[in-house]
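What follows is a short report on a single structure.
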Protein chains: 2
Amino acid sequence: MTTTNVTTTAEVVITPFLKAITQQIRANDPYGTYRNWSDELLLKPYVLSKAQKREISVEGDVDPITKGRILAFYRAIAHRIEEETGLLCQVVIDLSHEGFGWALVFSGRLLVVSKTLRDTQRFGFDSLEKLEAEGAKIVESGINLANRFPEVGRL
Amino acid sequence: MTTTNVTTTAEVVITPFLKAITQQIRANDPYGTYRNWSDELLLKPYVLSKAQKREISVEGDVDPITKGRILAFYRAIAHRIEEETGLLCQVVIDLSHEGFGWALVFSGRLLVVSKTLRDTQRFGFDSLEKLEAEGAKIVESGINLANRFPEVGRL
């Protein structure tokens with residue numbers, strides 16, 4: 001068991017963004033369930049293959065665990081933007097009953113991140129590398145916006 | 001009945017903002033329940049005295065009818081800002097299970113309205129005049145912001 005863990009951990013680079021996701025997950029772990037879990041194990045549910053996604057129904061509500069996963073993803077983005085810009089960011093995830101909605105990260109009156117969400121029941125990435133790449137892209141675009149309109153972000 | 005209606009309607013001035021609220025309510029009336037209701041009657045639940053508010057528990061979830069009322073209020077604000085600025089606004093209401101949360105109205109990357117909400121179970125105003133005054137204040141502040149940062153609102 002330990003050996004498997006060590007072997008796989010060696011392959012995965014835990015970037016600052018991936019680390020931020022695990023910190024969000026650990027911050028919402030009142031019973032210490034994840035205390036002894038590796039970062040990689042915590043991030044595993046973010047990786048879904050196309051086949052796995054197809055198996056998830058997009059009818060009806062998004063389950064609370066998936067919702068929590070989406071929230072941790074965008075809170076990690078907010079955290080990274082805060083680190084790089086010094087702004088204080090808020091995160092709001094607004095999901096309708098059909099898996100559609102908004103993910104918003106804002107500071108002052110500036111929406112540093114504004115994403116429409118759909119089929120959120122199937123929220124996931126092809127690999128941890130894709131998760132990192134997608135997160136880094138959103139973080140970078142948020143930082144650029146914050147630098148472009150500092151006055152709005154500090155309102 | 002008709003007489004009472006006429007008498008009270010004569011006292012109430014239905015401003016563009018109050019009208020916008022009633023339009024939001026009527027837009028979400030799939031069974032035509034409110035078809036024959038006067039604007040004033042539709043707006044009545046927005047008026048709560050201090051004593052009435054005290055009677056409403058702030059423990060637990062906000063009931064869906066109150067949520068709908070808050071949404072109609074902020075959608076009416078968004079509608080008025082759209083009319084005055086030509087921007088297209090989105091409304092997101094994010095309520096936690098304890099009646100706390102955010103009311104956001106945004107266009108592009110600009111948050112024209114950003115309000116923290118609390119004790120939303122007791123959402124209401126002393127009178128229709130107060131409802132109009134509060135709405136007008138938020139609309140005006142939103143318009144000012146949109147005019148100050150047109151570039152962000154059009155992103």
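Identifiers in this document derive from the order of the structure tokens: chains are assigned A, B, ..., residues are numbered from 1 separately in each chain, and ligands are numbered from 1 in order of occurrence.
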
Env of Arg26 of chain A: 9 Å cut, atoms = only C-alpha atoms, seq-sep filter 6 positions within chain, self excluded. Answer as a ChimeraX atom specification. /A:32-35,42

Create the file for the chosen residues now, containing C-alpha atoms and written as an mmCIF file, in the first residue's frame.
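Saved result, part_26.cif, follows:
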```cif
data_model
loop_
_atom_site.group_PDB
_atom_site.id
_atom_site.type_symbol
_atom_site.label_atom_id
_atom_site.label_comp_id
_atom_site.auth_asym_id
_atom_site.auth_seq_id
_atom_site.Cartn_x
_atom_site.Cartn_y
_atom_site.Cartn_z
ATOM 1 C CA GLY A 32 -10.033 14.637 9.937
ATOM 2 C CA THR A 33 -11.089 12.034 7.385
ATOM 3 C CA TYR A 34 -8.323 13.074 4.980
ATOM 4 C CA ARG A 35 -5.617 13.594 7.584
ATOM 5 C CA LEU A 42 -7.255 13.899 -2.524
#
```

Restrict the distance test to only C-alpha atoms, flag each residue of chain B within 12 Å of chain A, and return the flagged residues as a PyMOL selection string. chain B and resi 90-96+101-116+142+145-146+148-153+155

Taking N, CA, C and O atoms for each residue, export the selection above as a short mmCIF file (atom, residue, chain, number, x, y, z; two decimals), in the first residue's frame.
```cif
data_model
loop_
_atom_site.label_atom_id
_atom_site.label_comp_id
_atom_site.auth_asym_id
_atom_site.auth_seq_id
_atom_site.Cartn_x
_atom_site.Cartn_y
_atom_site.Cartn_z
N GLN B 90 -26.48 40.28 -15.46
CA GLN B 90 -26.82 38.98 -14.90
C GLN B 90 -27.02 39.13 -13.39
O GLN B 90 -26.36 39.97 -12.77
N VAL B 91 -27.89 38.33 -12.84
CA VAL B 91 -28.14 38.37 -11.40
C VAL B 91 -27.83 37.01 -10.78
O VAL B 91 -28.27 35.99 -11.29
N VAL B 92 -27.06 37.03 -9.73
CA VAL B 92 -26.79 35.80 -8.98
C VAL B 92 -27.08 36.06 -7.50
O VAL B 92 -26.56 37.01 -6.92
N ILE B 93 -27.95 35.22 -6.93
CA ILE B 93 -28.21 35.30 -5.49
C ILE B 93 -27.65 34.02 -4.88
O ILE B 93 -28.04 32.92 -5.27
N ASP B 94 -26.74 34.17 -3.97
CA ASP B 94 -26.11 33.00 -3.35
C ASP B 94 -26.42 33.02 -1.86
O ASP B 94 -25.88 33.82 -1.12
N LEU B 95 -27.32 32.14 -1.43
CA LEU B 95 -27.71 32.12 -0.02
C LEU B 95 -27.23 30.84 0.64
O LEU B 95 -27.43 29.75 0.12
N SER B 96 -26.59 30.99 1.78
CA SER B 96 -26.21 29.81 2.55
C SER B 96 -27.45 29.30 3.26
O SER B 96 -28.53 29.86 3.16
N GLY B 101 -25.58 35.56 2.69
CA GLY B 101 -25.13 35.32 1.33
C GLY B 101 -24.82 36.58 0.56
O GLY B 101 -24.56 37.64 1.14
N TRP B 102 -24.87 36.45 -0.77
CA TRP B 102 -24.51 37.54 -1.67
C TRP B 102 -25.62 37.78 -2.68
O TRP B 102 -26.22 36.82 -3.18
N ALA B 103 -25.84 39.04 -3.00
CA ALA B 103 -26.66 39.41 -4.15
C ALA B 103 -25.73 40.15 -5.11
O ALA B 103 -25.14 41.17 -4.74
N LEU B 104 -25.56 39.61 -6.30
CA LEU B 104 -24.64 40.17 -7.27
C LEU B 104 -25.36 40.48 -8.57
O LEU B 104 -26.14 39.66 -9.07
N VAL B 105 -25.13 41.68 -9.09
CA VAL B 105 -25.59 42.03 -10.43
C VAL B 105 -24.36 42.44 -11.21
O VAL B 105 -23.60 43.31 -10.74
N PHE B 106 -24.12 41.78 -12.34
CA PHE B 106 -22.89 42.10 -13.07
C PHE B 106 -23.11 42.15 -14.57
O PHE B 106 -24.04 41.55 -15.10
N SER B 107 -22.22 42.91 -15.19
CA SER B 107 -22.22 43.03 -16.64
C SER B 107 -20.76 42.97 -17.06
O SER B 107 -19.93 43.68 -16.49
N GLY B 108 -20.44 42.13 -18.02
CA GLY B 108 -19.04 41.93 -18.38
C GLY B 108 -18.29 41.50 -17.14
O GLY B 108 -18.68 40.54 -16.48
N ARG B 109 -17.23 42.23 -16.79
CA ARG B 109 -16.47 41.89 -15.58
C ARG B 109 -16.70 42.89 -14.47
O ARG B 109 -15.95 42.94 -13.49
N LEU B 110 -17.77 43.69 -14.61
CA LEU B 110 -18.06 44.71 -13.59
C LEU B 110 -19.24 44.29 -12.71
O LEU B 110 -20.32 43.97 -13.22
N LEU B 111 -19.01 44.31 -11.40
CA LEU B 111 -20.10 44.06 -10.46
C LEU B 111 -20.80 45.39 -10.20
O LEU B 111 -20.34 46.18 -9.38
N VAL B 112 -21.89 45.64 -10.90
CA VAL B 112 -22.57 46.93 -10.71
C VAL B 112 -23.27 46.97 -9.35
O VAL B 112 -23.41 48.02 -8.75
N VAL B 113 -23.70 45.80 -8.86
CA VAL B 113 -24.27 45.70 -7.52
C VAL B 113 -23.62 44.52 -6.81
O VAL B 113 -23.49 43.44 -7.39
N SER B 114 -23.18 44.75 -5.59
CA SER B 114 -22.59 43.68 -4.80
C SER B 114 -23.01 43.89 -3.35
O SER B 114 -22.54 44.80 -2.68
N LYS B 115 -23.94 43.07 -2.89
CA LYS B 115 -24.49 43.25 -1.54
C LYS B 115 -24.32 41.97 -0.74
O LYS B 115 -24.64 40.88 -1.24
N THR B 116 -23.86 42.11 0.48
CA THR B 116 -23.92 40.95 1.36
C THR B 116 -25.32 40.93 1.97
O THR B 116 -25.90 41.96 2.30
N GLY B 142 -25.45 51.66 -9.11
CA GLY B 142 -25.05 50.76 -10.20
C GLY B 142 -24.79 51.51 -11.50
O GLY B 142 -23.81 51.26 -12.21
N LEU B 145 -21.53 53.44 -11.31
CA LEU B 145 -20.38 52.56 -11.48
C LEU B 145 -20.20 52.17 -12.94
O LEU B 145 -19.08 52.14 -13.47
N ALA B 146 -21.32 51.86 -13.60
CA ALA B 146 -21.27 51.46 -15.01
C ALA B 146 -20.73 52.60 -15.87
O ALA B 146 -19.99 52.38 -16.84
N ARG B 148 -18.72 54.90 -14.77
CA ARG B 148 -17.35 55.19 -14.37
C ARG B 148 -16.38 54.20 -15.03
O ARG B 148 -15.27 54.56 -15.37
N PHE B 149 -16.81 52.95 -15.18
CA PHE B 149 -15.94 51.92 -15.75
C PHE B 149 -16.61 51.22 -16.93
O PHE B 149 -16.83 50.01 -16.88
N PRO B 150 -16.93 51.98 -17.98
CA PRO B 150 -17.66 51.38 -19.11
C PRO B 150 -16.88 50.23 -19.76
O PRO B 150 -17.49 49.25 -20.21
N GLU B 151 -15.57 50.34 -19.74
CA GLU B 151 -14.74 49.34 -20.40
C GLU B 151 -14.89 47.97 -19.71
O GLU B 151 -14.96 46.93 -20.37
N VAL B 152 -14.95 47.99 -18.38
CA VAL B 152 -15.06 46.74 -17.61
C VAL B 152 -16.45 46.13 -17.79
O VAL B 152 -16.60 44.92 -17.90
N GLY B 153 -17.45 46.97 -17.84
CA GLY B 153 -18.82 46.49 -18.02
C GLY B 153 -19.06 45.88 -19.38
O GLY B 153 -19.99 45.10 -19.57
N LEU B 155 -16.64 44.18 -21.10
CA LEU B 155 -15.67 43.10 -21.37
C LEU B 155 -16.37 41.80 -21.72
O LEU B 155 -17.36 41.45 -21.10
#
```

Within 12 Å of Lys53 of chain B, counting only C-alpha atoms, which residues show up once you throw out same-chain ones fewer than 2 positions away? Write them as a ChimeraX atom specification, please. /B:45-51,55-58,119-126

Where does DSSP see alpha helix (DSSP H) in segment 9-78 of chain A, if you list the residues as a VMD selection string? chain A and resid 9 to 11 16 to 27 39 to 43 50 to 55 64 to 78

So which residues touch Ile77 of chain B within 10 Å, counting only C-alpha atoms, skipping near sequence neighbours fewer than 3 positions away, as an MDAnalysis selection string? chainID B and resid 17:18 20:21 71:74 80:83 89 91 105 113 135:140 142

The distance between atom CA of Asn144 of chain A and atom CA of Glu132 of chain A is 18.1 Å

Out of segment 12-109 of chain A, which residues get strand (DSSP E) from DSSP, as an NGL selection string? :A and (90-95 or 101-107)

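Atom pair atom CA of Ala27 of chain B / atom CA of Leu41 of chain B: separated by 15.8 Å.
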